[in-house]
Amino acid sequence: MAIVGYSLVEYDGKNCTLLKSGSIQTKKNTRESARLLEILEDITTIVEDFKPDVASIEKLFFFRNRTTVMPVAHARGIILAILEKYGIPIYEYTPMEVKQVLTGYGRADKKEVEQMVKIALNTDTLPKLDDTVDSIAIAICHSRSCI
């Protein structure tokens with residue numbers, strides 16, 4: 001819930017182009033309800049401004065830290081509800097699926113995934129936040145899986 005990475009990519013059937021990426025960062029000492037409202041408002045603005053054709057999102061299937069699973073699930077629920085409200089088809093991928101599609105190996109490390117994202121976007125630089133890079137990787141995974 002502290003950081004929600006997002007990215008918008010365009011896929012022409014062959015190449016992915018990064019249109020925009022960033023993160024929604026909520027303050028740790030703020031009430032959970034206020035943080036969820038901030039996520040709701042920011043995702044709504046992104047959806048209204050860019051009108052995406054589809055959305056891909058990380059699937060929650062296992063969580064090591066039990067203290068953070070509920071806030072993450074709440075934030076994810078907000079995002080899913082907004083996408084549903086605007087009629088945007090939703091595709092969900094596990095981290096292992098994303099790694100498999102991008103690197104050919106479902107247990108690839110972060111550096112390998114980052115390298116494949118750079119190759120897919122034909123760039124030498126990526127955003128600093130892992131959450132933002134992860135969102136780009138999920139979008140690329142979708143472009144290679146479903147379109």
# chains A, B, ... in the order shown; residues from 1 in each chain; ligands from 1
call {"tool": "select_by_dssp", "arguments": {"residues": "chain A", "states": "helix (DSSP H, G or I)", "output": "number ranges by chain"}}
result
A: 32-50, 66-85, 95-103, 110-121, 130-145
call {"tool": "residues_around", "arguments": {"residues": "A:Arg31", "least_positions_apart": "4", "cutoff": "12 Å", "atoms": "only C-alpha atoms", "output": "number ranges by chain"}}
result
A: 1-2, 26-27, 35-38, 71
call {"tool": "write_last_selection", "arguments": {"atoms": "C-alpha atoms", "output": "compact mmCIF listing (two decimals), in the first residue's frame"}}
result
# COMPACT_ATOMS: atom_id res chain seq x y z
CA MET A 1 0.00 0.00 0.00
CA ALA A 2 2.97 2.33 0.52
CA THR A 26 1.13 6.97 0.36
CA LYS A 27 2.41 8.12 3.73
CA ARG A 35 -4.25 5.89 1.92
CA LEU A 36 -6.82 3.77 0.08
CA LEU A 37 -8.71 6.92 -0.94
CA GLU A 38 -5.47 8.39 -2.33
CA PRO A 71 -3.38 -3.76 3.29
call {"tool": "closest_residue", "arguments": {"among": "A:Leu121, A:Leu129, A:Ser145, A:Arg76", "to": "A:Gln100", "atoms": "only C-alpha atoms"}}
result
A:Ser145
call {"tool": "residues_around", "arguments": {"residues": "A:Ser135", "least_positions_apart": "6", "cutoff": "6 Å", "atoms": "only C-alpha atoms", "output": "VMD selection string"}}
result
chain A and resid 5 to 7
call {"tool": "write_last_selection", "arguments": {"atoms": "N, CA and C atoms", "output": "tab-separated table (two decimals), in the first residue's frame"}}
result
chain	number	residue	atom	x	y	z
A	5	GLY	N	3.11	0.83	-8.03
A	5	GLY	CA	3.73	1.14	-9.31
A	5	GLY	C	2.70	1.00	-10.42
A	6	TYR	N	2.83	1.84	-11.44
A	6	TYR	CA	1.96	1.73	-12.61
A	6	TYR	C	2.75	2.07	-13.86
A	7	SER	N	2.29	1.57	-14.96
A	7	SER	CA	2.90	1.92	-16.24
A	7	SER	C	1.85	1.80	-17.33
call {"tool": "residues_around", "arguments": {"residues": "A:Phe61", "least_positions_apart": "6", "cutoff": "12 Å", "atoms": "only C-alpha atoms", "output": "list in words"}}
result
Val69, Val72, Ala73, Glu92, Tyr93, Thr94, Pro95, Met96 and Glu97 of chain A
call {"tool": "closest_residue", "arguments": {"among": "A:Asn15, A:Lys111, A:Gly22, A:Tyr91", "to": "A:Lys128", "atoms": "only C-alpha atoms"}}
result
A:Gly22
call {"tool": "closest_residue", "arguments": {"among": "A:Lys110, A:Asp12, A:Ala55, A:Thr132", "to": "A:Gln25", "atoms": "only C-alpha atoms"}}
result
A:Thr132
call {"tool": "select_by_dssp", "arguments": {"residues": "stretch 43-140 of chain A", "states": "strand (DSSP E)", "output": "CSV table (one decimal) with C-alpha atoms, in the first residue's frame"}}
result
chain,number,residue,atom,x,y,z
A,55,ALA,CA,-5.0,-3.7,-17.6
A,56,SER,CA,-2.6,-6.3,-16.2
A,57,ILE,CA,-2.0,-6.6,-12.5
A,58,GLU,CA,0.1,-8.8,-10.2
A,90,ILE,CA,-8.3,-7.2,-16.3
A,91,TYR,CA,-5.5,-9.8,-16.7
A,92,GLU,CA,-3.6,-11.1,-13.7
A,93,TYR,CA,-0.2,-12.6,-13.6
call {"tool": "atom_distance", "arguments": {"atom1": "atom CA of A:Gly106", "atom2": "atom CA of A:Lys118"}}
result
18.1 Å
call {"tool": "atom_distance", "arguments": {"atom1": "atom CA of A:Ser33", "atom2": "atom CA of A:Thr67"}}
result
16.5 Å
call {"tool": "closest_residue", "arguments": {"among": "A:Leu126, A:Ile3, A:Val98, A:Ile88", "to": "A:Phe50", "atoms": "only C-alpha atoms"}}
result
A:Ile88
call {"tool": "residues_around", "arguments": {"residues": "A:Ala120", "least_positions_apart": "5", "cutoff": "9 Å", "atoms": "only C-alpha atoms", "output": "compact mmCIF listing (two decimals) with N, CA and C atoms, in the first residue's frame"}}
result
# COMPACT_ATOMS: atom_id res chain seq x y z
N ASN A 15 6.43 -4.44 -30.96
CA ASN A 15 7.24 -3.67 -30.01
C ASN A 15 6.38 -3.03 -28.93
N CYS A 16 6.97 -2.93 -27.74
CA CYS A 16 6.36 -2.22 -26.63
C CYS A 16 7.01 -0.86 -26.50
N THR A 17 6.18 0.16 -26.33
CA THR A 17 6.67 1.51 -26.09
C THR A 17 6.11 1.98 -24.75
N LEU A 102 9.14 -13.19 -19.51
CA LEU A 102 10.20 -12.24 -19.85
C LEU A 102 11.57 -12.89 -20.02
N GLN A 115 16.87 -6.55 -16.88
CA GLN A 115 17.60 -6.57 -18.15
C GLN A 115 16.66 -6.86 -19.32
N ILE A 140 4.56 -5.76 -20.10
CA ILE A 140 5.26 -6.45 -21.19
C ILE A 140 4.84 -7.91 -21.23
call {"tool": "atom_distance", "arguments": {"atom1": "atom CA of A:Asp134", "atom2": "atom CA of A:Gly13"}}
result
21.3 Å
call {"tool": "closest_residue", "arguments": {"among": "A:Tyr86, A:Met116, A:Lys14, A:Ile24", "to": "A:Glu48", "atoms": "only C-alpha atoms"}}
result
A:Tyr86
